[in-house]
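Colleague: The following block contains the structure, expressed as structure tokens.
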Amino acid sequence: MKLRALVAAAAIGAASLLAAPAHAATISIGIAYDIGGRGDRSFNDAAALGLEKAQKQFNFTVEPVVTDGTTADRDRRVRALIANNCNPIIVVGSGYAPTIKALAEEFPSTQFAILNDASIDALNVTSLIFADTQGAFLAGFSAALASKTGKVAMVGNTNQADLYQNGFVAGVTASKKKVTTLISYVNGSSFLATKSAMDKGADVIFVARPGSDTEVFAAIVARNTSNASSKSFKQVGLIMIEPDQYLTVSKTTKKYLYASVVKHVDKAMYDVIAKAVSGQQILDVLDAKAGIYGHKYTVIGGGVSFTTYLPSLTAASAQINQAAAQASKISH
């Protein structure tokens, strides 16, 4: 059974709106998908869900393109959308950031929006980002509740040290359980990083790095399978992030997936389209000093949520909701 533990929706202030250039009754929206396009079970598919919801409610046309991932191709794809009078143009993923930074200056009358990036200092770029630290807090809190060994770990990249310290560790501490936190940095192989964490006693693994969780889950399944007959062995489980990561789970392995942090990319896509149709754009101040605008999606209002699969975590939904209220206060 799946249960989504959400902090109650609370309005914390409407998004600041800046009038965009006047549009005709029906606007043409350009969507630049990342590598793989639809069917990737990741950011592209999550964005497409928001697009489909908007298409059911608003009148607009869509021109989609898919990049092969090279800088030259990203530039060519977005320029084609501009040439076809698409406005706004929504790009999926931070891989488009260098391209949009250059084109936003070259085409100031075109409104752009970028999902999962806030590095572009341009008034005609809407940055749509998610409170990763809040999600890591919920992962840490839930990992502590689920742990039987008293050790939990985060597997991540070296640039995610702050996410570990300010999110995951803070969540474990908030559980008030006597649980030790570990971090295992990936250096080439996610399998080896996961194995290292389990070798140190961690029985709940939170994966923070983006991409496929196949290697991580394979390591977890292998450890559980090989030690199934040992009475002293404690089952190891996974907490992942959607749609940053994707994973194939079978009937025999689903018991090892404990929970997911969910970043609602579909909501961000829907919101930016809804504003565009009404001739507006979302321009909350994300970084006044840098001149970066857009919107940060958090646990408030369901921009970031938490889905539990492990029965004991589902039973602890009230505690997780309380933790979500704590997580919502994390602003960095």
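In the structure tokens, chains take the letters A, B, ... in the order shown, each chain's residues start at 1, and ligands count up from 1 in the order shown.
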With only C-alpha atoms counted and 7 Å as the cut-off, give the residues of range 29-76 of chain A in contact with range 93-102 of chain A, each with its shortest interatomic distance in Å and the pair that gives it, as a Markdown table.
Modeller:
| residue | atom | partner | partner_atom | distance |
| --- | --- | --- | --- | --- |
| A:Asp34 | CA | A:Gly93 | CA | 6.5 |
| A:Arg74 | CA | A:Thr99 | CA | 6.7 |
| A:Asp75 | CA | A:Thr99 | CA | 5.8 |
Colleague: I need the strand (DSSP E) residues of range 87-230 of chain A per DSSP on the backbone, written as a PyMOL selection string.
Modeller: chain A and resi 89-92+112-115+125-130+151-156+180-185+204-207+211-212
Colleague: Can I get the selected residues back with C-alpha atoms, as a short mmCIF file (atom, residue, chain, number, x, y, z; two decimals), in the first residue's frame?
Modeller:
data_model
loop_
_atom_site.label_atom_id
_atom_site.label_comp_id
_atom_site.auth_asym_id
_atom_site.auth_seq_id
_atom_site.Cartn_x
_atom_site.Cartn_y
_atom_site.Cartn_z
CA ILE A 89 9.83 28.26 -24.10
CA ILE A 90 10.14 25.76 -21.26
CA VAL A 91 13.31 23.66 -21.01
CA VAL A 92 13.65 20.52 -18.93
CA PHE A 112 11.97 31.22 -20.95
CA ALA A 113 11.41 28.86 -18.04
CA ILE A 114 13.88 26.23 -16.86
CA LEU A 115 13.05 23.27 -14.64
CA VAL A 125 13.99 33.52 -17.36
CA THR A 126 11.78 31.82 -14.78
CA SER A 127 13.72 29.35 -12.63
CA LEU A 128 11.62 26.51 -11.24
CA ILE A 129 13.43 24.67 -8.44
CA PHE A 130 12.70 22.34 -5.54
CA LYS A 151 23.01 3.18 11.22
CA VAL A 152 21.71 4.89 8.08
CA ALA A 153 23.52 6.30 5.07
CA MET A 154 23.21 8.78 2.25
CA VAL A 155 24.81 7.92 -1.09
CA GLY A 156 25.64 11.05 -3.05
CA THR A 180 24.34 7.13 13.43
CA THR A 181 24.52 8.76 10.00
CA LEU A 182 27.04 7.90 7.31
CA ILE A 183 27.74 9.36 3.89
CA SER A 184 29.15 7.34 1.03
CA TYR A 185 30.37 9.41 -1.90
CA VAL A 204 18.61 2.20 5.19
CA ILE A 205 20.21 3.85 2.17
CA PHE A 206 19.06 7.26 0.89
CA VAL A 207 20.29 7.94 -2.63
CA GLY A 211 20.22 9.09 -12.50
CA SER A 212 19.31 5.41 -12.46
#
Colleague: Please report, as a ChimeraX atom specification, each residue of range 150-305 of chain A to which DSSP assigns alpha helix (DSSP H) when run on this structure's backbone.
Modeller: /A:161-163,169-174,190-199,214-226,265-277
Colleague: Any idea what the distance is between CA of Ala316 in chain A and CA of Val172 in chain A?
Modeller: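 Computed distance, CA of Ala316 in chain A to CA of Val172 in chain A, equals 14.7 Å.
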Colleague: For range 139-142 of chain A, list every protein, DNA or RNA residue within 8 Å, evaluated using only C-alpha atoms, and leave out those in the same chain fewer than 4 positions away; present the list as an MDAnalysis selection string.
Modeller: chainID A and resid 135 146 167:175 206 239 259:261 313 320 323
Colleague: For Ala47 in chain A, which residue among A:Ile31, A:Ala218, A:Ala144, A:Ile300 is the nearest when counting only C-alpha atoms?
Modeller: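 Answer, going by the shortest atom-to-atom distance: A:Ile31.
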Colleague: With distances taken over only C-alpha atoms, which residue among A:Ala197, A:Val65, A:Ala83, A:Ala122 lies nearest Ala288 in chain A?
Modeller: A:Ala122
Colleague: Could you name the residues that touch Lys148 in chain A at 12 Å or less, counting only C-alpha atoms, but leaving out those on the same chain fewer than 6 positions away, as a list in words?
Modeller: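 What passes the distance filter is Lys177, Lys178, Val179, Thr180, Gly201, Ala202, Asp203, Val204, Ser232, Phe233, Lys234, Gln235, Val236, Gly237 and Ser312 of chain A.
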Colleague: Include N, CA, C and O atoms and write out the residues we just selected as a compact mmCIF listing (two decimals), in the first residue's frame.
Modeller:
# COMPACT_ATOMS: atom_id res chain seq x y z
N LYS A 177 15.99 9.46 17.62
CA LYS A 177 16.43 8.07 17.74
C LYS A 177 17.95 8.03 17.85
O LYS A 177 18.64 8.92 17.34
N LYS A 178 18.47 7.01 18.50
CA LYS A 178 19.91 6.86 18.60
C LYS A 178 20.42 6.19 17.33
O LYS A 178 20.65 4.98 17.29
N VAL A 179 20.55 7.01 16.30
CA VAL A 179 20.93 6.50 14.98
C VAL A 179 22.15 7.26 14.48
O VAL A 179 22.18 8.49 14.53
N THR A 180 23.12 6.54 13.99
CA THR A 180 24.34 7.13 13.43
C THR A 180 24.16 7.33 11.93
O THR A 180 23.62 6.46 11.23
N GLY A 201 27.43 -1.09 8.19
CA GLY A 201 26.28 -1.37 9.05
C GLY A 201 25.00 -0.64 8.72
O GLY A 201 23.98 -0.85 9.38
N ALA A 202 25.00 0.21 7.70
CA ALA A 202 23.79 0.96 7.36
C ALA A 202 22.74 0.02 6.79
O ALA A 202 23.02 -0.78 5.90
N ASP A 203 21.51 0.10 7.31
CA ASP A 203 20.44 -0.75 6.80
C ASP A 203 19.34 0.04 6.09
O ASP A 203 18.35 -0.53 5.63
N VAL A 204 19.50 1.37 6.02
CA VAL A 204 18.61 2.20 5.19
C VAL A 204 19.52 3.13 4.39
O VAL A 204 20.34 3.85 4.96
N SER A 232 20.59 -13.04 12.45
CA SER A 232 21.04 -11.76 12.99
C SER A 232 21.04 -10.63 11.94
O SER A 232 21.21 -9.46 12.28
N PHE A 233 20.83 -10.99 10.69
CA PHE A 233 20.89 -9.99 9.61
C PHE A 233 19.65 -9.10 9.63
O PHE A 233 18.53 -9.58 9.83
N LYS A 234 19.88 -7.80 9.42
CA LYS A 234 18.80 -6.83 9.34
C LYS A 234 18.62 -6.40 7.88
O LYS A 234 19.57 -6.02 7.22
N GLN A 235 17.40 -6.49 7.39
CA GLN A 235 17.11 -6.15 5.99
C GLN A 235 17.54 -4.72 5.67
O GLN A 235 17.42 -3.83 6.50
N VAL A 236 18.05 -4.53 4.47
CA VAL A 236 18.47 -3.21 4.00
C VAL A 236 17.41 -2.68 3.03
O VAL A 236 16.90 -3.42 2.18
N GLY A 237 17.09 -1.38 3.17
CA GLY A 237 16.08 -0.79 2.30
C GLY A 237 16.55 0.50 1.66
O GLY A 237 17.56 1.09 2.08
N SER A 312 5.80 -0.10 8.22
CA SER A 312 6.06 0.61 9.48
C SER A 312 6.15 2.11 9.27
O SER A 312 5.78 2.89 10.17
Colleague: Between A:Ser230, A:Thr67, A:Gln55, A:Thr214, which one has atoms that come closest to Gln245 in chain A, using only C-alpha atoms?
Modeller: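 Ranking A:Ser230, A:Thr67, A:Gln55, A:Thr214 by distance to Gln245 in chain A, first place goes to A:Thr214.
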Colleague: Go through A:Ala72, A:Val272, A:Ala143, A:Ala136 one by one, measure the shortest atom-to-atom distance of each to Thr298 in chain A using only C-alpha atoms, and give the residue with the smallest value.
Modeller: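 Closest candidate: A:Ala136.
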Colleague: Give me, please, the distance in Å between CA of Asn224 in chain A and CA of Thr307 in chain A, quoted to one decimal.
Modeller: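 Those two atoms sit 22.4 Å apart.
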Colleague: Please provide the set of residues having any atom within 7 Å of Val262 in chain A, restricted to only C-alpha atoms, with same-chain residues fewer than 6 positions apart removed, written as a VMD selection string.
Modeller: chain A and resid 241 to 243 304 to 306
